[in-house]
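To be precise, the following lines are final_39.txt, and they hold compact mmCIF, C-alpha atoms.
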# COMPACT_ATOMS: atom_id res chain seq x y z
CA MET P 13 -16.35 0.83 7.20
CA ALA P 14 -19.09 3.43 7.41
CA ALA P 15 -18.33 6.91 8.68
CA SER P 16 -19.27 7.61 12.23
CA LYS P 17 -21.37 10.68 11.48
CA GLY P 18 -23.14 9.42 8.42
CA ALA P 19 -22.18 10.33 4.90
CA VAL P 20 -19.27 12.56 4.03
CA VAL P 21 -20.49 16.01 3.09
CA LEU P 22 -18.16 17.93 0.84
CA LYS P 23 -20.08 21.14 0.35
CA THR P 24 -17.31 23.39 1.57
CA VAL P 25 -14.50 21.54 -0.12
CA LYS P 26 -13.02 22.70 -3.38
CA LYS P 27 -10.38 20.11 -4.15
CA ILE P 28 -8.93 16.99 -2.63
CA VAL P 29 -5.54 15.71 -3.77
CA VAL P 30 -4.44 12.32 -2.48
CA LYS P 31 -0.87 11.25 -3.11
CA PHE P 32 0.46 7.87 -2.15
CA CYS P 33 2.92 5.19 -3.08
CA PRO P 34 1.12 1.84 -3.21
CA PHE P 35 4.19 -0.21 -2.40
CA GLU P 36 4.47 1.33 1.06
CA SER P 37 2.94 -0.49 3.97
CA SER P 38 1.39 2.53 5.68
CA VAL P 39 -0.96 3.31 2.85
CA ARG P 40 -4.05 1.38 3.95
CA SER P 41 -5.83 4.16 5.82
CA THR P 42 -5.16 6.63 3.01
CA ARG P 43 -6.60 4.28 0.43
CA ASP P 44 -9.68 3.64 2.55
CA PHE P 45 -10.12 7.37 3.02
CA LEU P 46 -9.89 7.79 -0.74
CA VAL P 47 -12.58 5.17 -1.27
CA LEU P 48 -14.89 6.92 1.18
CA VAL P 49 -14.31 10.36 -0.24
CA GLY P 50 -14.47 9.26 -3.84
CA SER P 51 -17.68 7.30 -3.44
CA GLU P 52 -20.81 8.30 -5.29
CA LYS P 53 -22.56 9.62 -2.19
CA ALA P 54 -19.74 11.91 -1.23
CA ARG P 55 -19.29 13.18 -4.74
CA ALA P 56 -23.00 13.76 -5.07
CA THR P 57 -22.94 16.26 -2.22
CA ASN P 58 -20.77 18.55 -4.28
CA MET P 59 -20.36 18.04 -7.99
CA ASN P 60 -17.77 20.80 -8.28
CA CYS P 61 -15.37 19.20 -5.89
CA GLU P 62 -12.51 17.45 -7.64
CA VAL P 63 -10.92 14.35 -6.20
CA ILE P 64 -7.49 13.90 -7.72
CA THR P 65 -5.29 10.90 -7.08
CA GLU P 66 -1.57 10.74 -7.70
CA VAL P 67 0.21 7.45 -7.59
CA LYS P 68 3.93 7.78 -6.97
CA HIS P 69 6.78 5.35 -6.54
CA ASP P 70 9.28 7.30 -4.48
CA ARG P 71 8.79 5.71 -1.03
CA SER P 72 7.19 8.91 0.17
CA GLU P 73 4.55 9.04 2.85
CA PRO P 74 0.94 9.32 1.84
CA VAL P 75 -0.32 12.90 1.89
CA ILE P 76 -3.87 14.21 1.64
CA ASP P 77 -4.21 17.82 0.62
CA ILE P 78 -7.67 19.38 0.96
CA THR P 79 -8.46 22.86 -0.29
CA PHE P 80 -11.62 24.51 0.99
CA ILE P 81 -13.75 27.03 -0.80
CA ASP P 82 -12.60 29.89 1.43
CA GLY P 83 -8.97 29.19 0.65
CA GLU P 84 -8.01 27.25 3.74
CA GLN P 85 -5.85 24.18 3.26
CA LEU P 86 -5.77 21.03 5.31
CA VAL P 87 -2.74 18.83 4.82
CA MET P 88 -2.76 15.41 6.46
CA ASN P 89 0.06 12.93 6.58
CA GLY P 90 -1.72 9.62 6.38
CA SER P 91 1.04 7.25 7.38
CA ASN P 92 0.20 7.24 11.09
CA LEU P 93 -3.46 8.24 11.03
CA THR P 94 -6.46 5.98 10.83
CA THR P 95 -9.25 6.56 8.37
CA GLN P 96 -11.67 7.54 11.13
CA GLU P 97 -9.32 10.20 12.46
CA MET P 98 -8.82 11.72 9.05
CA LEU P 99 -12.52 11.66 8.34
CA SER P 100 -13.42 13.27 11.67
CA ALA P 101 -10.82 15.98 11.14
CA LEU P 102 -12.30 16.76 7.75
CA GLN P 103 -15.86 16.71 9.02
CA THR P 104 -15.20 18.97 12.01
CA ARG P 105 -13.67 21.53 9.73
CA CYS P 106 -16.51 21.26 7.24
CA VAL P 107 -19.06 21.71 10.00
CA ALA P 108 -17.15 24.64 11.46
CA LYS P 109 -17.09 26.39 8.14
CA ASP P 110 -20.70 25.87 7.32
CA PRO P 111 -22.55 25.74 10.63
CA GLN P 112 -25.73 27.40 9.48
CA ALA P 113 -26.46 24.96 6.74
CA LYS P 114 -25.61 22.01 8.98
CA ALA P 115 -27.65 23.25 11.92
CA GLY P 116 -30.61 23.89 9.66
CA GLY P 117 -30.31 20.44 8.16
CA LYS P 118 -30.00 18.69 11.50
CA LYS P 119 -32.97 20.47 13.01
CA MET G 18 -18.70 2.71 79.07
CA ALA G 19 -16.26 -0.03 79.59
CA ALA G 20 -15.25 -0.71 83.13
CA THR G 21 -11.77 -1.85 83.61
CA LEU G 22 -11.17 -4.71 85.85
CA CYS G 23 -7.72 -5.20 87.02
CA SER G 24 -6.94 -8.37 88.72
CA ARG G 25 -3.66 -8.80 90.32
CA ILE G 26 -2.19 -12.19 90.57
CA LEU G 27 0.59 -12.23 92.97
CA LEU G 28 2.93 -14.97 91.91
CA THR G 29 6.61 -14.57 92.31
CA LYS G 30 7.68 -17.80 90.61
CA PRO G 31 9.61 -17.27 87.35
CA GLY G 32 8.16 -18.62 84.12
CA CYS G 33 4.68 -18.05 85.28
CA LEU G 34 2.13 -15.51 84.35
CA PRO G 35 3.20 -11.87 84.68
CA LEU G 36 2.61 -9.93 87.80
CA ALA G 37 0.02 -7.58 86.44
CA GLN G 38 -2.56 -8.64 83.95
CA SER G 39 -5.32 -6.32 82.84
CA VAL G 40 -8.34 -7.67 81.16
CA ARG G 41 -10.28 -4.93 79.49
CA HIS G 42 -13.93 -5.69 79.74
CA GLY G 43 -15.04 -4.10 76.49
CA SER G 44 -17.48 -4.80 73.74
CA LYS G 45 -18.67 -8.31 73.16
CA ALA G 46 -17.39 -10.58 70.45
CA VAL G 47 -20.75 -11.92 69.41
CA THR G 48 -23.00 -9.05 68.36
CA ARG G 49 -26.34 -8.80 66.65
CA HIS G 50 -25.00 -6.50 63.92
CA ARG G 51 -22.03 -7.30 61.71
CA LYS G 52 -19.00 -6.19 63.60
CA PRO G 53 -16.27 -4.57 61.48
CA MET G 54 -13.14 -6.67 61.33
CA HIS G 55 -10.03 -5.50 63.09
CA ILE G 56 -7.51 -4.15 60.64
CA LEU G 57 -4.97 -6.76 61.57
CA LYS G 58 -7.42 -9.53 60.96
CA GLN G 59 -8.35 -7.96 57.62
CA LYS G 60 -4.74 -7.82 56.55
CA LEU G 61 -4.14 -11.38 57.57
CA LEU G 62 -7.12 -12.67 55.64
CA ALA G 63 -6.16 -10.65 52.57
CA VAL G 64 -2.64 -12.00 52.59
CA THR G 65 -3.67 -15.59 53.14
CA GLU G 66 -6.39 -15.70 50.50
CA TYR G 67 -6.66 -18.87 48.49
CA ILE G 68 -5.52 -18.47 44.86
CA PRO G 69 -6.53 -21.50 42.85
CA PRO G 70 -3.92 -22.70 40.35
CA LYS G 71 -4.67 -21.59 36.77
CA PRO G 72 -4.71 -24.37 34.22
CA SER G 73 -1.79 -23.94 31.80
CA ALA G 74 -3.82 -24.66 28.68
CA ALA G 75 -7.49 -25.10 28.18
CA PRO G 76 -8.30 -28.67 27.24
CA GLY G 77 -9.36 -27.75 23.71
CA ALA G 78 -6.59 -25.24 23.02
CA TYR G 79 -3.99 -27.17 21.05
CA PRO G 80 -6.19 -29.30 18.84
CA SER G 81 -8.18 -26.23 17.70
CA GLN G 82 -5.09 -24.68 16.11
CA THR G 83 -4.66 -27.54 13.71
CA LYS G 84 -8.35 -27.45 12.97
CA ARG G 85 -8.08 -23.81 11.86
CA MET G 86 -5.68 -24.65 9.05
CA GLU G 87 -8.04 -27.22 7.64
CA GLN G 88 -10.91 -24.82 7.60
CA GLU G 89 -9.77 -23.36 4.29
CA SER G 90 -12.97 -23.97 2.45
CA GLY G 91 -13.35 -25.49 -0.94
CA LEU G 92 -14.22 -22.14 -2.44
CA VAL G 93 -10.92 -20.67 -1.32
CA ARG G 94 -9.01 -23.59 -2.77
CA PHE G 95 -10.86 -23.27 -6.04
CA LEU G 96 -10.16 -19.56 -6.19
CA LYS G 97 -6.53 -20.19 -5.40
CA LYS G 98 -6.27 -22.57 -8.34
CA LYS G 99 -7.92 -19.99 -10.55
CA VAL G 100 -5.49 -17.35 -9.41
CA GLU G 101 -2.58 -19.65 -10.15
CA THR G 102 -3.77 -20.39 -13.66
CA THR G 103 -4.39 -16.69 -14.29
CA PHE G 104 -0.90 -15.81 -13.18
CA GLU G 105 0.64 -18.51 -15.32
CA GLU G 106 -1.32 -17.78 -18.45
CA CYS G 107 -1.30 -14.02 -18.63
CA LYS G 108 1.71 -12.00 -19.48
CA MET G 109 0.17 -8.76 -18.39
CA LEU G 110 -1.39 -8.24 -14.98
CA VAL G 111 -2.37 -4.82 -13.77
CA VAL G 112 -3.78 -3.91 -10.39
CA VAL G 113 -6.26 -1.05 -10.31
CA GLN G 114 -8.13 0.49 -7.41
CA ASN G 115 -11.72 1.43 -8.08
CA ASN G 116 -13.54 4.04 -6.05
CA ALA G 117 -17.14 3.00 -6.30
CA THR G 118 -17.73 2.69 -9.99
CA ASN G 119 -21.33 2.31 -11.11
CA ALA G 120 -22.52 -0.94 -12.54
CA GLU G 121 -23.04 0.65 -15.95
CA ASP G 122 -19.60 2.25 -15.91
CA MET G 123 -18.17 -1.12 -15.08
CA LEU G 124 -20.08 -2.68 -17.94
CA LEU G 125 -18.81 -0.07 -20.39
CA LEU G 126 -15.28 -0.58 -19.16
CA ARG G 127 -15.61 -4.34 -19.52
CA HIS G 128 -16.91 -3.95 -23.04
CA ARG G 129 -14.11 -1.64 -24.10
CA LEU G 130 -11.45 -3.82 -22.61
CA HIS G 131 -12.94 -6.95 -24.11
CA LYS G 132 -12.36 -5.50 -27.56
CA HIS G 133 -8.66 -5.68 -26.82
CA ASP G 134 -8.92 -9.11 -25.17
CA ILE G 135 -8.29 -7.76 -21.70
CA ALA G 136 -10.28 -9.47 -18.98
CA ILE G 137 -11.34 -7.95 -15.69
CA LYS G 138 -10.95 -10.26 -12.73
CA PHE G 139 -12.13 -9.86 -9.17
CA PHE G 140 -10.42 -11.95 -6.55
CA PRO G 141 -10.95 -11.55 -2.82
CA ASN G 142 -7.98 -10.02 -1.08
CA GLN G 143 -7.78 -12.87 1.40
CA VAL G 144 -7.19 -15.37 -1.37
CA MET G 145 -4.54 -13.17 -2.95
CA ARG G 146 -2.81 -12.71 0.37
CA SER G 147 -2.71 -16.43 1.01
CA TYR G 148 -1.45 -17.26 -2.48
CA LEU G 149 1.07 -14.54 -3.25
CA PRO G 150 3.71 -15.08 -0.56
CA SER G 151 4.28 -18.62 -1.72
CA SER G 152 4.73 -17.66 -5.35
CA GLN G 153 7.35 -15.53 -7.03
CA TYR G 154 5.08 -12.49 -6.98
CA ARG G 155 5.33 -11.80 -3.30
CA ASN G 156 6.35 -8.21 -3.82
CA MET G 157 2.96 -7.49 -5.27
CA LEU G 158 1.40 -8.17 -1.88
CA PRO G 159 1.15 -4.55 -0.62
CA LEU G 160 -0.82 -3.60 -3.71
CA PHE G 161 -3.80 -5.72 -2.73
CA ILE G 162 -5.35 -3.55 -0.03
CA GLY G 163 -8.85 -2.19 -0.25
CA GLN G 164 -11.00 -2.45 -3.34
CA THR G 165 -8.83 -3.76 -6.09
CA VAL G 166 -9.56 -5.06 -9.53
CA MET G 167 -7.18 -6.93 -11.78
CA PHE G 168 -6.89 -6.51 -15.52
CA VAL G 169 -5.31 -9.53 -17.10
CA SER G 170 -4.44 -10.27 -20.67
CA LYS G 171 -2.22 -12.60 -22.61
CA GLU G 172 -0.74 -9.92 -24.80
CA PRO G 173 0.75 -6.84 -23.22
CA LYS G 174 -1.51 -4.20 -24.71
CA VAL G 175 -0.68 -1.34 -22.48
CA LYS G 176 -1.50 1.63 -24.69
CA GLU G 177 -5.08 0.59 -25.31
CA MET G 178 -5.61 -0.18 -21.67
CA LEU G 179 -4.31 3.23 -20.63
CA ARG G 180 -6.59 4.89 -23.14
CA VAL G 181 -9.61 3.10 -21.72
CA LEU G 182 -8.62 3.88 -18.16
CA ARG G 183 -8.27 7.54 -18.92
CA SER G 184 -11.93 7.68 -19.77
CA SER G 185 -12.99 6.42 -16.35
CA PRO G 186 -11.59 8.72 -13.67
CA GLN G 187 -12.45 6.45 -10.78
CA MET G 188 -10.03 3.69 -11.67
CA ILE G 189 -6.62 4.34 -10.24
CA LEU G 190 -3.70 2.44 -11.71
CA LEU G 191 -1.49 1.16 -8.95
CA GLY G 192 1.01 -1.11 -10.58
CA GLY G 193 1.37 -4.42 -12.30
CA CYS G 194 3.46 -7.28 -13.51
CA ILE G 195 4.18 -7.26 -17.23
CA GLU G 196 6.18 -10.15 -18.64
CA ASN G 197 7.47 -11.17 -15.22
CA THR G 198 8.66 -7.68 -14.38
CA LEU G 199 7.08 -5.85 -11.51
CA LEU G 200 6.28 -2.32 -12.61
CA SER G 201 4.92 0.71 -10.84
CA ARG G 202 2.58 3.19 -12.47
CA GLU G 203 5.45 5.16 -13.95
CA GLY G 204 7.00 1.95 -15.15
CA ILE G 205 3.81 1.03 -16.96
CA LEU G 206 3.61 4.45 -18.56
CA ASN G 207 7.20 4.18 -19.73
CA TYR G 208 6.53 0.71 -21.05
CA SER G 209 3.67 2.02 -23.12
CA ARG G 210 5.94 4.64 -24.65
CA LEU G 211 8.48 2.07 -25.80
CA PRO G 212 8.64 1.58 -29.57
CA SER G 213 7.68 -1.78 -31.01
CA ILE G 214 10.17 -4.61 -31.46
CA THR G 215 10.71 -4.06 -35.19
CA THR G 216 11.62 -0.42 -34.71
CA VAL G 217 13.98 -1.32 -31.88
CA GLN G 218 15.65 -3.99 -34.01
CA GLY G 219 15.98 -1.57 -36.88
CA GLU G 220 17.57 1.01 -34.61
CA LEU G 221 20.03 -1.54 -33.26
CA VAL G 222 21.07 -2.73 -36.70
CA GLY G 223 21.43 0.85 -37.87
CA GLY G 224 23.63 1.73 -34.92
CA LEU G 225 25.89 -1.25 -35.46
CA THR G 226 26.37 -0.67 -39.14
CA LEU G 227 26.85 3.06 -38.75
CA MET G 228 30.63 2.93 -38.48
CA THR G 229 31.11 0.48 -41.29
CA SER G 230 28.72 2.37 -43.58
CA GLN G 231 30.63 5.56 -42.96
CA THR G 232 33.91 3.87 -43.88
CA VAL G 233 32.35 2.37 -47.01
CA SER G 234 30.99 5.72 -48.16
CA MET G 235 34.35 7.34 -47.56
CA LEU G 236 36.17 4.66 -49.54
CA GLN G 237 33.75 4.89 -52.45
CA ARG G 238 34.49 8.55 -52.96
CA HIS G 239 37.09 9.81 -55.37
CA PRO G 240 40.53 8.55 -54.28
CA ALA G 241 42.07 12.02 -54.46
CA HIS G 242 39.52 13.19 -51.92
CA LEU G 243 40.36 10.24 -49.69
CA SER G 244 44.12 10.83 -49.88
CA ALA G 245 43.64 14.52 -49.07
CA LEU G 246 41.53 13.56 -46.05
CA LEU G 247 44.08 11.06 -44.80
CA GLN G 248 46.94 13.54 -45.21
CA GLN G 249 45.00 16.14 -43.27
CA TYR G 250 44.32 13.58 -40.54
CA ILE G 251 47.98 12.71 -40.19
CA LYS G 252 49.02 16.34 -40.12
CA GLN G 253 46.60 16.95 -37.29
CA ASN G 254 47.78 13.98 -35.26
CA GLN G 255 51.50 14.31 -35.74
CA PRO G 256 52.33 17.94 -36.34
CA GLY G 257 56.08 17.25 -36.79
CA GLY G 258 55.83 14.12 -38.94
CA THR G 259 56.53 15.12 -42.59
CA PRO G 260 58.03 11.78 -43.77
CA GLU G 261 54.80 9.96 -42.83
CA SER G 262 52.80 12.17 -45.17
CA THR G 263 54.41 10.38 -48.13
CA ALA G 264 53.25 6.90 -46.97
CA PRO G 265 49.48 7.32 -47.59
CA GLU G 266 50.19 8.50 -51.13
CA THR G 267 51.04 4.96 -52.16
CA THR G 268 47.73 3.46 -50.87
CA PRO G 269 45.32 5.61 -52.91
CA LYS G 270 47.32 4.70 -56.03
CA THR G 271 46.68 0.98 -55.38
CA GLU G 272 42.97 1.72 -54.69
CA GLY G 273 42.77 3.73 -57.87
CA ALA G 274 44.20 0.71 -59.70
CA ALA G 275 41.67 -1.64 -58.04
CA VAL G 276 38.72 0.66 -58.87

Would you mind writing the structure in this file as structure tokens?
Amino acid sequence: MAASKGAVVLKTVKKIVVKFCPFESSVRSTRDFLVLVGSEKARATNMNCEVITEVKHDRSEPVIDITFIDGEQLVMNGSNLTTQEMLSALQTRCVAKDPQAKAGGKK
Amino acid sequence: MAATLCSRILLTKPGCLPLAQSVRHGSKAVTRHRKPMHILKQKLLAVTEYIPPKPSAAPGAYPSQTKRMEQESGLVRFLKKKVETTFEECKMLVVVQNNATNAEDMLLLRHRLHKHDIAIKFFPNQVMRSYLPSSQYRNMLPLFIGQTVMFVSKEPKVKEMLRVLRSSPQMILLGGCIENTLLSREGILNYSRLPSITTVQGELVGGLTLMTSQTVSMLQRHPAHLSALLQQYIKQNQPGGTPESTAPETTPKTEGAAV
């Protein structure tokens, strides 16, 4: 289940809060997203970024709340999204925020 | 380029060829290049194409389904047996998701949990999914998605386990089955906050004997105090009943005699 554009780079991300209820059936993509984002590689790209998980039991839908360094927030409802979609949404926004560093790295 | 030739056949008999017949002397039928088909001929050929009958089932279709069931390998069966024994033996089973813990973190965790006799078990999700629906734990099925680890122990030592888990931020407690009760994360936290059995028993006994102990303490006081209390009680309940106030005066006298 590797990401399509390589590793997840979290340089512009301040905080990621993942809330889900494990007894729901639509939680799979959220949990996979959490595994990808919480992996060592992703965390190594930004040691200041916190990945917080909340496990609830109130039949609510899984929600991923990402706060960027410049204050912007990205809230994703993970019940009908696949992991790839969520990851690409996050990565496009990261790239948009930090194009100089990315362009320099790619070249 | 085509010259028309009209030949007239003069026949007046009915049922014969028509009076005027024109034969257009046009292009030839047999040409050196491939002649494009007339549209009518194309349509006719398209409509009357041969469609071979599709076979209803491939010759190997049905037998292969039964073969699939038997392909459950020996390893899976062995793991299934292990899972069964684990479920039967252990009172406490907790499912935890791990987000890429290092090997050394895992080792530390294992060591700390081993001090409290909690074992860490890894079972493949496929095995769990094939075993759980047939057992009484089928509601635990949605927990086993992604990377999961199971902590099992014979004694429900929840507080120590929570303490150990707090030190490793990557392990996420999802839920578990403690003493045949399916609990969510909040349930497990509440369970850990419960007092021990002796304290609960003491509380119960204390609550039951509360009323009787109060009555005993009241009776053991000075009888004059008791009679005054009873008179006050009656006055409050029956504001107009003065003859009844004389009745309790006889009882403290008998108690005074008994004491």

Interface list for chain G, partner chain P, 12 Å threshold, all atoms listed in the file, as an MDAnalysis selection string: chainID G and resid 112:120 155:165 186:193 199:206

Output file for the selection above: C-alpha atoms, as a PDB file, keeping the file's coordinate frame:
ATOM      1  CA  VAL G 112      -3.780  -3.910 -10.390  1.00  0.00           C
ATOM      2  CA  VAL G 113      -6.260  -1.050 -10.310  1.00  0.00           C
ATOM      3  CA  GLN G 114      -8.130   0.490  -7.410  1.00  0.00           C
ATOM      4  CA  ASN G 115     -11.720   1.430  -8.080  1.00  0.00           C
ATOM      5  CA  ASN G 116     -13.540   4.040  -6.050  1.00  0.00           C
ATOM      6  CA  ALA G 117     -17.140   3.000  -6.300  1.00  0.00           C
ATOM      7  CA  THR G 118     -17.730   2.690  -9.990  1.00  0.00           C
ATOM      8  CA  ASN G 119     -21.330   2.310 -11.110  1.00  0.00           C
ATOM      9  CA  ALA G 120     -22.520  -0.940 -12.540  1.00  0.00           C
ATOM     10  CA  ARG G 155       5.330 -11.800  -3.300  1.00  0.00           C
ATOM     11  CA  ASN G 156       6.350  -8.210  -3.820  1.00  0.00           C
ATOM     12  CA  MET G 157       2.960  -7.490  -5.270  1.00  0.00           C
ATOM     13  CA  LEU G 158       1.400  -8.170  -1.880  1.00  0.00           C
ATOM     14  CA  PRO G 159       1.150  -4.550  -0.620  1.00  0.00           C
ATOM     15  CA  LEU G 160      -0.820  -3.600  -3.710  1.00  0.00           C
ATOM     16  CA  PHE G 161      -3.800  -5.720  -2.730  1.00  0.00           C
ATOM     17  CA  ILE G 162      -5.350  -3.550  -0.030  1.00  0.00           C
ATOM     18  CA  GLY G 163      -8.850  -2.190  -0.250  1.00  0.00           C
ATOM     19  CA  GLN G 164     -11.000  -2.450  -3.340  1.00  0.00           C
ATOM     20  CA  THR G 165      -8.830  -3.760  -6.090  1.00  0.00           C
ATOM     21  CA  PRO G 186     -11.590   8.720 -13.670  1.00  0.00           C
ATOM     22  CA  GLN G 187     -12.450   6.450 -10.780  1.00  0.00           C
ATOM     23  CA  MET G 188     -10.030   3.690 -11.670  1.00  0.00           C
ATOM     24  CA  ILE G 189      -6.620   4.340 -10.240  1.00  0.00           C
ATOM     25  CA  LEU G 190      -3.700   2.440 -11.710  1.00  0.00           C
ATOM     26  CA  LEU G 191      -1.490   1.160  -8.950  1.00  0.00           C
ATOM     27  CA  GLY G 192       1.010  -1.110 -10.580  1.00  0.00           C
ATOM     28  CA  GLY G 193       1.370  -4.420 -12.300  1.00  0.00           C
ATOM     29  CA  LEU G 199       7.080  -5.850 -11.510  1.00  0.00           C
ATOM     30  CA  LEU G 200       6.280  -2.320 -12.610  1.00  0.00           C
ATOM     31  CA  SER G 201       4.920   0.710 -10.840  1.00  0.00           C
ATOM     32  CA  ARG G 202       2.580   3.190 -12.470  1.00  0.00           C
ATOM     33  CA  GLU G 203       5.450   5.160 -13.950  1.00  0.00           C
ATOM     34  CA  GLY G 204       7.000   1.950 -15.150  1.00  0.00           C
ATOM     35  CA  ILE G 205       3.810   1.030 -16.960  1.00  0.00           C
ATOM     36  CA  LEU G 206       3.610   4.450 -18.560  1.00  0.00           C
TER      37      LEU G 206
END

For stretch 74-89 of chain P: contacts at 8 Å, all atoms listed in the file, fewer than 6 positions along chain excluded, given as a list in words: Thr24, Val25, Lys26, Lys27, Ile28, Val29, Val30, Lys31, Phe32, Cys33, Ser38, Val39, Thr42 and Met98 of chain P

What separation in Å, quoted to one decimal, exists between atom CA of G:Gly91 and atom CA of G:Met145?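 That distance, rounded to one decimal, is 15.3 Å.
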
Report, in Å to a single decimal, how far apart atom CA of G:Ser213 and atom CA of G:Leu130 are.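 These two atoms are separated by 21.0 Å.
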
Calculated over only C-alpha atoms, which of the candidates G:Thr65, G:Thr103, G:Asn254, G:Ser185 has the smallest distance to G:Ala136?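 When distances to G:Ala136 are compared using only C-alpha atoms, the smallest one comes from G:Thr103.
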